[in-house]
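Chemist: Enclosed is the structure file final_36.cif (mmCIF, C-alpha atoms (C1' of nucleotides)).
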data_upload
loop_
_atom_site.label_atom_id
_atom_site.label_comp_id
_atom_site.auth_asym_id
_atom_site.auth_seq_id
_atom_site.Cartn_x
_atom_site.Cartn_y
_atom_site.Cartn_z
CA MET A 346 144.83 -8.70 98.74
CA SER A 347 144.76 -5.63 96.50
CA ASP A 348 145.85 -5.92 92.93
CA PRO A 349 148.95 -3.75 92.28
CA VAL A 350 147.09 -2.05 89.45
CA ASP A 351 144.49 -0.48 91.69
CA ALA A 352 146.62 -0.37 94.81
CA ALA A 353 146.29 2.61 97.10
CA PRO A 354 148.32 5.61 95.97
CA ARG A 355 151.76 5.82 97.56
CA HIS A 356 151.08 9.40 98.57
CA GLY A 357 147.87 10.71 100.09
CA LEU A 358 146.11 14.04 100.03
CA SER A 359 147.03 15.01 103.56
CA LEU A 360 148.65 18.42 103.71
CA GLU A 361 151.13 17.40 106.39
CA GLU A 362 152.73 14.61 104.43
CA GLN A 363 153.33 16.59 101.27
CA LEU A 364 156.90 17.54 100.46
CA CYS A 365 155.57 20.24 98.18
CA PHE A 366 153.91 22.04 101.04
CA SER A 367 157.05 21.93 103.18
CA LEU A 368 158.90 23.41 100.23
CA TYR A 369 156.31 26.10 99.58
CA SER A 370 156.18 27.07 103.27
CA ALA A 371 159.92 27.02 103.85
CA SER A 372 160.51 29.15 100.77
CA ARG A 373 158.06 31.80 101.94
CA LEU A 374 159.44 31.71 105.50
CA VAL A 375 163.01 32.22 104.31
CA THR A 376 161.90 35.11 102.12
CA ALA A 377 160.20 36.55 105.21
CA ALA A 378 163.47 36.21 107.13
CA TYR A 379 165.25 38.15 104.40
CA ARG A 380 162.68 40.94 104.34
CA PRO A 381 163.80 43.02 107.36
CA ILE A 382 167.48 42.54 106.48
CA LEU A 383 167.05 43.51 102.84
CA GLU A 384 164.83 46.41 103.79
CA GLU A 385 167.95 48.10 105.18
CA LEU A 386 169.38 47.87 101.67
CA GLY A 387 166.14 48.94 99.99
CA LEU A 388 165.82 45.60 98.18
CA THR A 389 163.23 42.84 97.91
CA TYR A 390 164.40 39.23 97.76
CA PRO A 391 164.07 38.89 93.95
CA GLN A 392 165.89 42.20 93.57
CA TYR A 393 168.64 40.92 95.88
CA VAL A 394 169.28 37.75 93.88
CA THR A 395 169.28 39.87 90.73
CA MET A 396 171.99 42.04 92.28
CA LEU A 397 173.94 38.89 93.20
CA VAL A 398 174.05 37.95 89.52
CA LEU A 399 175.07 41.47 88.53
CA TRP A 400 177.79 41.72 91.18
CA GLU A 401 179.29 38.53 89.74
CA ARG A 402 178.95 39.10 86.02
CA ALA A 403 177.76 42.56 85.04
CA PRO A 404 177.18 43.62 82.34
CA VAL A 405 174.58 40.93 81.67
CA SER A 406 171.91 40.84 78.99
CA MET A 407 168.26 40.62 80.00
CA LYS A 408 168.17 37.13 78.50
CA ALA A 409 171.18 35.89 80.49
CA LEU A 410 169.78 37.49 83.64
CA GLY A 411 166.47 35.71 83.19
CA GLU A 412 168.24 32.41 82.56
CA ALA A 413 170.46 32.77 85.63
CA LEU A 414 167.43 33.44 87.80
CA GLY A 415 165.05 31.06 86.04
CA LEU A 416 162.62 33.94 85.43
CA ASP A 417 161.03 35.13 82.21
CA TYR A 418 160.98 38.62 80.73
CA GLY A 419 157.57 39.36 82.17
CA THR A 420 159.10 39.15 85.63
CA VAL A 421 162.60 40.46 84.97
CA THR A 422 161.72 43.52 82.89
CA PRO A 423 159.71 45.36 85.57
CA LEU A 424 162.08 44.12 88.29
CA VAL A 425 165.13 45.60 86.56
CA LYS A 426 163.22 48.80 85.83
CA ARG A 427 162.62 49.22 89.55
CA LEU A 428 166.33 48.70 90.20
CA GLU A 429 167.01 51.34 87.58
CA THR A 430 164.54 53.75 89.22
CA ALA A 431 166.39 53.11 92.49
CA GLY A 432 169.60 54.17 90.72
CA LEU A 433 171.40 50.83 91.15
CA VAL A 434 171.57 49.69 87.53
CA GLN A 435 171.40 51.03 84.01
CA ARG A 436 169.81 49.48 80.93
CA ARG A 437 171.57 49.98 77.62
CA ARG A 438 170.65 48.66 74.22
CA ARG A 439 173.60 46.81 72.76
CA THR A 440 175.00 48.50 69.65
CA ASP A 441 176.10 45.34 67.81
CA ASP A 442 172.68 43.72 68.31
CA GLU A 443 169.91 46.18 68.86
CA ARG A 444 167.53 43.51 70.06
CA ALA A 445 169.61 42.92 73.18
CA VAL A 446 169.61 45.05 76.35
CA ASP A 447 172.61 44.95 78.69
CA VAL A 448 172.17 45.66 82.38
CA THR A 449 175.15 47.38 84.03
CA LEU A 450 175.84 48.48 87.58
CA THR A 451 176.00 52.15 88.52
CA GLU A 452 178.39 53.43 91.20
CA PRO A 453 175.71 53.13 93.93
CA GLY A 454 174.99 49.64 92.61
CA HIS A 455 178.63 48.66 93.02
CA ARG A 456 178.85 50.25 96.47
CA LEU A 457 175.77 48.37 97.69
CA ARG A 458 177.78 45.17 97.46
CA GLU A 459 179.94 46.13 100.43
CA ARG A 460 176.87 46.71 102.58
CA SER A 461 175.54 43.29 101.55
CA LEU A 462 178.54 41.24 102.63
CA THR A 463 177.05 40.36 106.02
CA VAL A 464 173.65 39.31 104.63
CA PRO A 465 174.48 35.63 103.99
CA ASP A 466 175.78 35.10 107.51
CA ARG A 467 172.80 36.87 109.06
CA ILE A 468 170.46 34.63 107.07
CA GLY A 469 172.58 31.64 107.99
CA ALA A 470 172.00 32.48 111.63
CA ALA A 471 168.24 32.74 111.05
CA MET A 472 168.21 29.33 109.37
CA GLY A 473 170.15 27.84 112.26
CA LEU A 474 171.37 24.71 110.47
CA GLU A 475 174.57 22.81 111.10
CA ASP A 476 176.96 22.82 108.16
CA GLU A 477 176.09 19.20 107.49
CA ASP A 478 172.30 19.73 107.43
CA PHE A 479 172.80 22.86 105.36
CA ALA A 480 174.83 21.01 102.73
CA SER A 481 172.54 17.99 102.68
CA LEU A 482 169.45 20.16 102.29
CA LYS A 483 171.04 22.10 99.44
CA ARG A 484 172.03 18.85 97.70
CA GLY A 485 168.47 17.54 98.04
CA LEU A 486 166.97 20.73 96.64
CA ASP A 487 169.40 20.85 93.72
CA LEU A 488 168.70 17.21 92.88
CA LEU A 489 164.97 17.91 93.03
CA ALA A 490 165.41 20.91 90.74
CA VAL A 491 167.35 18.87 88.19
CA ASN A 492 164.76 16.08 88.24
CA VAL A 493 161.80 18.42 87.88
CA GLU A 494 163.51 20.40 85.12
CA ASP A 495 164.16 17.16 83.24
CA HIS A 496 160.55 16.18 83.70
CA LEU A 497 159.38 19.51 82.26
CA ARG A 498 161.38 18.57 79.12
CA MET B 373 196.69 35.47 110.32
CA SER B 374 193.26 37.04 110.34
CA ASP B 375 191.70 37.99 113.63
CA PRO B 376 188.49 36.01 114.27
CA VAL B 377 186.65 39.29 114.74
CA ASP B 378 187.15 40.43 111.16
CA ALA B 379 187.46 36.96 109.69
CA ALA B 380 185.96 36.38 106.28
CA PRO B 381 182.21 35.69 106.35
CA ARG B 382 181.36 31.99 106.44
CA HIS B 383 179.03 32.46 103.49
CA GLY B 384 179.77 34.51 100.39
CA LEU B 385 177.64 36.42 97.92
CA SER B 386 177.90 33.87 95.14
CA LEU B 387 174.50 32.88 93.84
CA GLU B 388 175.47 29.26 93.37
CA GLU B 389 176.41 28.60 96.96
CA GLN B 390 173.26 30.05 98.48
CA LEU B 391 170.78 27.63 99.99
CA CYS B 392 168.12 30.30 99.71
CA PHE B 393 168.39 30.37 95.95
CA SER B 394 168.14 26.58 95.67
CA LEU B 395 165.03 26.82 97.82
CA TYR B 396 163.52 29.66 95.81
CA SER B 397 164.22 27.91 92.50
CA ALA B 398 163.06 24.48 93.60
CA SER B 399 159.83 25.90 94.96
CA ARG B 400 159.03 27.65 91.70
CA LEU B 401 159.99 24.58 89.66
CA VAL B 402 157.73 22.31 91.69
CA THR B 403 154.87 24.77 91.32
CA ALA B 404 155.56 24.71 87.58
CA ALA B 405 155.35 20.90 87.63
CA TYR B 406 151.97 21.12 89.34
CA ARG B 407 150.60 23.66 86.86
CA PRO B 408 149.63 21.36 83.94
CA ILE B 409 148.29 18.71 86.31
CA LEU B 410 146.19 21.13 88.34
CA GLU B 411 144.99 22.84 85.19
CA GLU B 412 142.96 19.71 84.49
CA LEU B 413 141.20 20.38 87.79
CA GLY B 414 140.87 24.10 87.17
CA LEU B 415 143.06 24.92 90.19
CA THR B 416 146.25 26.87 90.85
CA TYR B 417 148.75 25.53 93.35
CA PRO B 418 147.65 27.80 96.24
CA GLN B 419 144.04 26.90 95.46
CA TYR B 420 144.97 23.21 95.54
CA VAL B 421 146.58 23.35 98.98
CA THR B 422 143.56 25.30 100.18
CA MET B 423 141.32 22.49 98.93
CA LEU B 424 143.58 19.97 100.72
CA VAL B 425 142.85 21.73 104.00
CA LEU B 426 139.14 21.87 103.26
CA TRP B 427 138.95 18.19 102.24
CA GLU B 428 140.47 17.32 105.61
CA ARG B 429 138.65 19.66 107.94
CA ALA B 430 135.81 21.62 106.34
CA PRO B 431 134.09 23.69 107.55
CA VAL B 432 137.06 25.88 108.44
CA SER B 433 137.07 29.54 109.43
CA MET B 434 139.06 32.00 107.34
CA LYS B 435 141.40 32.47 110.28
CA ALA B 436 142.07 28.73 110.67
CA LEU B 437 142.53 28.40 106.92
CA GLY B 438 145.10 31.18 106.89
CA GLU B 439 146.94 29.63 109.83
CA ALA B 440 147.00 26.17 108.25
CA LEU B 441 148.47 27.62 105.06
CA GLY B 442 150.65 30.25 106.69
CA LEU B 443 148.93 32.96 104.64
CA ASP B 444 147.24 36.16 105.75
CA TYR B 445 143.76 37.45 104.94
CA GLY B 446 145.06 39.60 102.12
CA THR B 447 146.00 36.41 100.27
CA VAL B 448 143.30 34.04 101.47
CA THR B 449 140.27 36.29 101.02
CA PRO B 450 140.57 36.74 97.24
CA LEU B 451 141.77 33.16 96.83
CA VAL B 452 138.68 31.73 98.54
CA LYS B 453 136.47 34.13 96.62
CA ARG B 454 137.83 32.68 93.38
CA LEU B 455 137.10 29.17 94.66
CA GLU B 456 133.59 30.35 95.45
CA THR B 457 133.20 31.81 91.97
CA ALA B 458 134.32 28.42 90.62
CA GLY B 459 131.49 26.83 92.64
CA LEU B 460 133.78 24.68 94.82
CA VAL B 461 133.21 26.34 98.20
CA GLN B 462 130.77 28.54 100.03
CA ARG B 463 131.46 31.34 102.51
CA ARG B 464 129.03 31.69 105.39
CA ARG B 465 129.16 34.11 108.28
CA ARG B 466 128.96 32.16 111.53
CA THR B 467 125.76 32.84 113.47
CA ASP B 468 127.24 32.51 116.96
CA ASP B 469 130.09 34.93 116.11
CA GLU B 470 129.34 37.23 113.27
CA ARG B 471 132.97 38.27 112.93
CA ALA B 472 133.94 34.80 111.73
CA VAL B 473 133.39 33.39 108.25
CA ASP B 474 133.26 29.62 107.74
CA VAL B 475 134.30 28.11 104.42
CA THR B 476 132.40 24.96 103.47
CA LEU B 477 132.62 22.61 100.51
CA THR B 478 129.89 22.44 97.89
CA GLU B 479 128.96 19.18 96.18
CA PRO B 480 131.32 19.90 93.24
CA GLY B 481 133.97 20.78 95.81
CA HIS B 482 133.56 17.39 97.48
CA ARG B 483 133.53 15.56 94.16
CA LEU B 484 136.76 17.24 93.02
CA ARG B 485 138.58 15.28 95.74
CA GLU B 486 138.14 11.99 93.85
CA ARG B 487 139.66 13.48 90.72
CA SER B 488 142.62 14.70 92.79
CA LEU B 489 143.63 11.38 94.29
CA THR B 490 146.26 10.69 91.64
CA VAL B 491 147.89 14.13 91.89
CA PRO B 492 150.39 13.33 94.68
CA ASP B 493 151.74 10.29 92.85
CA ARG B 494 152.02 12.18 89.58
CA ILE B 495 153.99 14.92 91.31
CA GLY B 496 156.03 12.27 93.08
CA ALA B 497 157.00 10.91 89.68
CA ALA B 498 157.98 14.39 88.49
CA MET B 499 160.18 14.89 91.54
CA GLY B 500 161.83 11.53 90.97
CA LEU B 501 163.26 11.09 94.46
CA GLU B 502 163.89 7.84 96.29
CA ASP B 503 161.81 7.40 99.42
CA GLU B 504 164.89 8.05 101.51
CA ASP B 505 165.87 11.31 99.76
CA PHE B 506 162.24 12.38 99.83
CA ALA B 507 161.96 11.88 103.59
CA SER B 508 165.34 13.43 104.32
CA LEU B 509 164.55 16.49 102.22
CA LYS B 510 161.19 16.94 103.94
CA ARG B 511 162.84 16.65 107.36
CA GLY B 512 165.42 19.27 106.41
CA LEU B 513 162.77 21.67 105.14
CA ASP B 514 160.59 21.22 108.21
CA LEU B 515 163.56 21.79 110.51
CA LEU B 516 164.46 24.90 108.55
CA ALA B 517 160.88 26.14 108.82
CA VAL B 518 160.83 25.64 112.58
CA ASN B 519 164.16 27.42 113.01
CA VAL B 520 163.19 30.39 110.86
CA GLU B 521 159.79 30.67 112.52
CA ASP B 522 161.49 30.75 115.92
CA HIS B 523 163.86 33.39 114.67
CA LEU B 524 160.95 35.55 113.48
CA ARG B 525 159.68 35.40 117.12
"C1'" DT C 762 124.79 49.51 130.80
"C1'" DA C 763 128.63 51.86 128.63
"C1'" DC C 764 132.80 51.43 126.76
"C1'" DA C 765 137.82 50.08 126.13
"C1'" DG C 766 140.39 46.70 124.22
"C1'" DG C 767 140.82 42.92 121.47
"C1'" DT C 768 139.57 39.83 117.42
"C1'" DA C 769 137.93 38.41 112.45
"C1'" DA C 770 137.74 39.95 107.89
"C1'" DA C 771 138.06 42.86 104.09
"C1'" DT C 772 140.37 46.45 101.41
"C1'" DT C 773 144.22 48.92 99.26
"C1'" DG C 774 148.65 49.24 97.36
"C1'" DT C 775 153.16 47.26 95.88
"C1'" DG C 776 155.79 43.74 93.95
"C1'" DC C 777 156.56 39.21 92.11
"C1'" DA C 778 155.48 35.10 88.66
"C1'" DC C 779 153.92 33.52 84.44
"C1'" DA C 780 151.12 32.90 80.00
"C1'" DA C 781 150.01 34.99 75.74
"C1'" DG C 782 150.66 38.16 72.24
"C1'" DG C 783 153.17 41.70 69.69
"C1'" DG C 784 157.12 44.63 67.82
"C1'" DA C 785 161.84 45.42 66.44
"C1'" DC C 786 165.83 43.35 64.95
"C1'" DT C 787 168.97 39.66 62.91
"C1'" DT C 788 170.07 35.65 60.29
"C1'" DG C 789 169.79 32.02 56.98
"C1'" DC C 790 168.47 30.65 52.53
"C1'" DG C 791 166.91 30.87 47.81
"C1'" DC D 1243 169.26 41.02 47.36
"C1'" DG D 1244 164.59 39.75 49.47
"C1'" DC D 1245 162.16 37.60 52.81
"C1'" DA D 1246 160.80 33.85 56.06
"C1'" DA D 1247 162.10 32.23 60.38
"C1'" DG D 1248 164.01 32.89 64.58
"C1'" DT D 1249 165.63 35.87 68.57
"C1'" DC D 1250 165.30 39.47 72.15
"C1'" DC D 1251 162.50 42.19 74.57
"C1'" DC D 1252 158.18 44.41 76.14
"C1'" DT D 1253 153.23 44.65 77.37
"C1'" DT D 1254 148.91 42.99 79.18
"C1'" DG D 1255 146.18 40.27 82.13
"C1'" DT D 1256 145.57 37.00 86.04
"C1'" DG D 1257 146.74 35.35 90.39
"C1'" DC D 1258 149.51 35.10 94.45
"C1'" DA D 1259 151.97 37.32 98.82
"C1'" DC D 1260 152.22 40.65 102.21
"C1'" DA D 1261 152.09 45.29 104.80
"C1'" DA D 1262 148.99 48.71 106.43
"C1'" DT D 1263 144.56 50.42 107.21
"C1'" DT D 1264 139.66 50.01 108.05
"C1'" DT D 1265 135.22 48.00 109.54
"C1'" DA D 1266 132.39 45.14 112.19
"C1'" DC D 1267 131.83 42.54 116.05
"C1'" DC D 1268 132.67 40.48 120.65
"C1'" DT D 1269 134.09 40.44 125.63
"C1'" DG D 1270 135.48 41.93 130.01
"C1'" DT D 1271 135.08 45.33 133.38
"C1'" DA D 1272 133.52 49.12 136.17
#
Starting from the file, lay out its structure as structure tokens.

Modeler:
Amino acid sequence: MSDPVDAAPRHGLSLEEQLCFSLYSASRLVTAAYRPILEELGLTYPQYVTMLVLWERAPVSMKALGEALGLDYGTVTPLVKRLETAGLVQRRRRTDDERAVDVTLTEPGHRLRERSLTVPDRIGAAMGLEDEDFASLKRGLDLLAVNVEDHLR
Amino acid sequence: MSDPVDAAPRHGLSLEEQLCFSLYSASRLVTAAYRPILEELGLTYPQYVTMLVLWERAPVSMKALGEALGLDYGTVTPLVKRLETAGLVQRRRRTDDERAVDVTLTEPGHRLRERSLTVPDRIGAAMGLEDEDFASLKRGLDLLAVNVEDHLR
DNA sequence: TACAGGTAAATTGTGCACAAGGGACTTGCG
DNA sequence: CGCAAGTCCCTTGTGCACAATTTACCTGTA
């Protein structure tokens, strides 16, 4: 039969069988499910997760914000500037290290948190997963993330 | 104790506990893992999945292509035009219905398939999942996609 | 035949996402 | 101290992703 060296690939080129495509599609669908809900708050999905970080740990430097979100400055800088234009955050150069910029919440930024408390449950309803499937899916995704991050050095 | 009506939300606002963020991060990480591999082929990830559809079913109308990928014309039109500029596909208005545009593969487009055969296994190595975890994760994502799609009508 | 309603694509505008390059600041080392 | 190396951030350019609008075409119906 076939030599292991030139055996058929374990995975084929069919779109349907690719995990990556399920991931790519599901991610965009979930973002789409967030869109009408976050529109009530005047946020996009990346802006929402940025606010999540700030509600937990503000003030946060641009660097720490990018690391928490896994995004680089080229993405975070304009994103935070839009949040600042919307009046939710303020950017302030740190005095003890003038390279660093701290992002802080304004009063409207703090108040928006209360209006966001129902968002996770509303999204949970849209996803419609049992607690067990939910947890297992999250574990799988986090394991995948760790593996891929390792692989990218 | 607390009335069920104003009970605490099942899900909180903490970034770490959100499935959506694991999904969003994992999706971007996997795309990042594809980037150096697809660069050898001169493709981006969305261009690659587009080629997957074409390798399976070309010629395909723009509408069918968008439906297969879950993308609208505003994304697919420029994407396919870039593939055309790269010489991999051709766009041809259908003669029996001049509203429709068929996308066909050129000779270089067909040949690129051979060079892509190892891509799925290389990505599989980067993801580093056992067959069982791989399948379970894909099932979870596909279930999630179905649920969210239903929820979006 | 005329035309109303529907369909297929393209265009425009906004907002990510990331690579590459550059500027201001700080730190370590002779 | 002086300065090379490193850090933090911003800018520019390319390519998605999607909403909203527009254009061209087709089809059913009177």

Chemist: May I have the residues within 10 Å of B:Ala497 as number ranges by chain, using all atoms listed in the file and disregarding those fewer than 5 positions away in the same chain?

Modeler: A: 492-493, 496; B: 491-492

Chemist: Record the distance separating atom CA of B:Arg525 and atom CA of B:Gly442, expressed in Å with one decimal.

Modeler: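 It comes out at 14.7 Å.
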
Chemist: Exactly which residues make up the result of the PyMOL selection byres ((chain C) within 12 of (chain B)) on this file, given as a PyMOL selection string?

Modeler: chain C and resi 768-774+777-780

Chemist: If we count only C-alpha atoms (C1' of nucleotides) and set the cut-off at 8 Å, which residues sit around stretch 411-414 of chain A, ignoring sequence neighbours fewer than 5 positions away in its own chain? Please answer as a PyMOL selection string.

Modeler: (chain A and resi 394-395+398+421) or (chain B and resi 397)

Chemist: Nearest to chain D: which of A:Ser481, A:Thr420, A:Thr463, A:Thr451 is it, counting all atoms listed in the file?

Modeler: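 Closest to chain D of all the choices is A:Thr420.
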
Chemist: What residues in chain D lie within 12 Å of chain A, counting only C-alpha atoms (C1' of nucleotides), written as number ranges by chain?

Modeler: D: 1249-1255, 1258-1261

Chemist: Between atom CA of A:Glu494 and atom CA of B:Leu401, what distance in Å does the model show, to one decimal?

Modeler: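 These atoms are spaced 7.1 Å apart.
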
Chemist: Evaluating the PyMOL selection byres ((chain A and resi 473) around 10) on the displayed file yields which residues, as a list of chain:residue names?

Modeler: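 Applying the expression gives A:Arg467, A:Ile468, A:Gly469, A:Ala470, A:Ala471, A:Met472, A:Leu474, A:Glu475, A:Asp476, A:Asp478, A:Phe479, B:Leu515, B:Leu516, B:Val518, B:Asn519, B:Val520, B:Asp522, B:His523.
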
Chemist: I'd like to know which of B:Met423, B:Leu410, B:Val432, B:Leu451 is closest to chain A, using all atoms listed in the file.

Modeler: B:Met423

Chemist: Using the chain letters and numbering of this document, enumerate as a list in words the residues selected by the PyMOL selection byres ((chain B and resi 429) around 12).

Modeler: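 Selected by the PyMOL selection byres ((chain B and resi 429) around 12) in this file: Ser359 and Leu360 of chain A; Thr422, Met423, Leu424, Val425, Leu426, Trp427, Glu428, Ala430, Pro431, Val432, Ser433, Ala436, Leu437, Ala440, Asp474, Val475, Thr476, Leu477 and His482 of chain B.
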
Chemist: Please indicate the distance in Å from atom CA of A:His356 to atom CA of B:Asp493, rounded to one decimal place.

Modeler: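 The value is 5.8 Å.
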
Chemist: Between B:Arg407, B:Lys453, B:Arg463, B:Arg483, which one has atoms that come closest to chain A, using all atoms listed in the file?

Modeler: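 So, comparing all the options, the nearest one is B:Arg407.
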
Chemist: Have a look at A:Leu457, A:Glu477, A:Arg438, A:Leu462 and name the one nearest to chain B; count all atoms listed in the file.

Modeler: A:Leu462

Chemist: Could you check which of A:Gly454, A:Glu362, A:Ala371, A:Arg439 is closest to chain B, using only C-alpha atoms?

Modeler: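 Nearest candidate to chain B out of A:Gly454, A:Glu362, A:Ala371, A:Arg439: A:Ala371.
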
Chemist: Put the listed atoms of stretch 450-469 of chain B in a box along x, y and z with 8 Å added on every side and give me the centre and edge lengths in Å to one decimal, as AutoDock Vina command-line options.

Modeler:
--center_x 133.8 --center_y 30.7 --center_z 103.8 --size_x 32.0 --size_y 28.1 --size_z 42.3
